[in-house]
Amino acid sequence: MTKRNEYYLQLCSELHALGSKIIPGHPAHSEASNTELLDKLAKLEADFAKSDDYINLGQDIITHIISHYPDITPHMHRDLLWFFGGDCLHYLGDDELARYQNIEELYYEQSAEDSNTSYRNIRAQQFGMH
């Protein structure tokens, strides 16, 4: 698994942990709906390294959270919107899209030279965190 995918797997794990705290008993939805979302989050985390099917599942989860659980949305890492792409990209501004594109280009340039290139560090530099 690349450093980039390790970074995004960690974000998916954090989203699953957050969902596990907030979603059970969520008053705006039935328990069946809450359980289904939690099951999808668990499947996303489990399937992440096994196949490419996680991209569609991730898009489904992210757009579902935004449209049905708006109280969770501000706690969700915005990097997941970029990573899963598709309809998720509609929730990012043009400046964010440009930054993420730049991060990807820098990461792939640097990782071609050094397989230990840190995606997290490149991201932090691009967002002015270093």
# chains A, B, ... in the order shown; residues from 1 in each chain; ligands from 1

call {"tool": "residues_around", "arguments": {"residues": "Tyr8 in chain A", "least_positions_apart": "6", "cutoff": "10 Å", "atoms": "only C-alpha atoms", "output": "ChimeraX atom specification"}}
result
/A:2,14,48,77,79-80,83-84,119-120

call {"tool": "atom_distance", "arguments": {"atom1": "CA of Tyr54 in chain A", "atom2": "CA of Glu113 in chain A"}}
result
28.0 Å

call {"tool": "select_by_dssp", "arguments": {"residues": "chain A", "states": "alpha helix (DSSP H)", "output": "VMD selection string"}}
result
chain A and resid 3 to 22 31 to 47 54 to 68 79 to 84 94 to 113 119 to 126

call {"tool": "residues_around", "arguments": {"residues": "Ser67 in chain A", "least_positions_apart": "6", "cutoff": "12 Å", "atoms": "only C-alpha atoms", "output": "PyMOL selection string"}}
result
chain A and resi 60-61+73+87-88+91

call {"tool": "write_last_selection", "arguments": {"atoms": "C-alpha atoms", "output": "PDB file, in the first residue's frame"}}
result
ATOM      1  CA  ASP A  60     -21.832   6.549  -1.540  1.00  0.00           C
ATOM      2  CA  ILE A  61     -20.970   6.940   2.146  1.00  0.00           C
ATOM      3  CA  THR A  73     -20.327  16.591   7.882  1.00  0.00           C
ATOM      4  CA  ASP A  87     -19.962  13.623  -6.863  1.00  0.00           C
ATOM      5  CA  CYS A  88     -17.885  14.303  -3.743  1.00  0.00           C
ATOM      6  CA  TYR A  91     -18.441  19.938  -2.281  1.00  0.00           C
TER       7      TYR A  91
END

call {"tool": "atom_distance", "arguments": {"atom1": "CA of His26 in chain A", "atom2": "CA of Tyr7 in chain A"}}
result
28.4 Å

call {"tool": "atom_distance", "arguments": {"atom1": "CA of Asp95 in chain A", "atom2": "CA of Glu6 in chain A"}}
result
24.7 Å

call {"tool": "residues_around", "arguments": {"residues": "Leu41 in chain A", "least_positions_apart": "3", "cutoff": "10 Å", "atoms": "only C-alpha atoms", "output": "PyMOL selection string"}}
result
chain A and resi 12-13+15-17+19-20+35-38+44-47+57-58+61-62
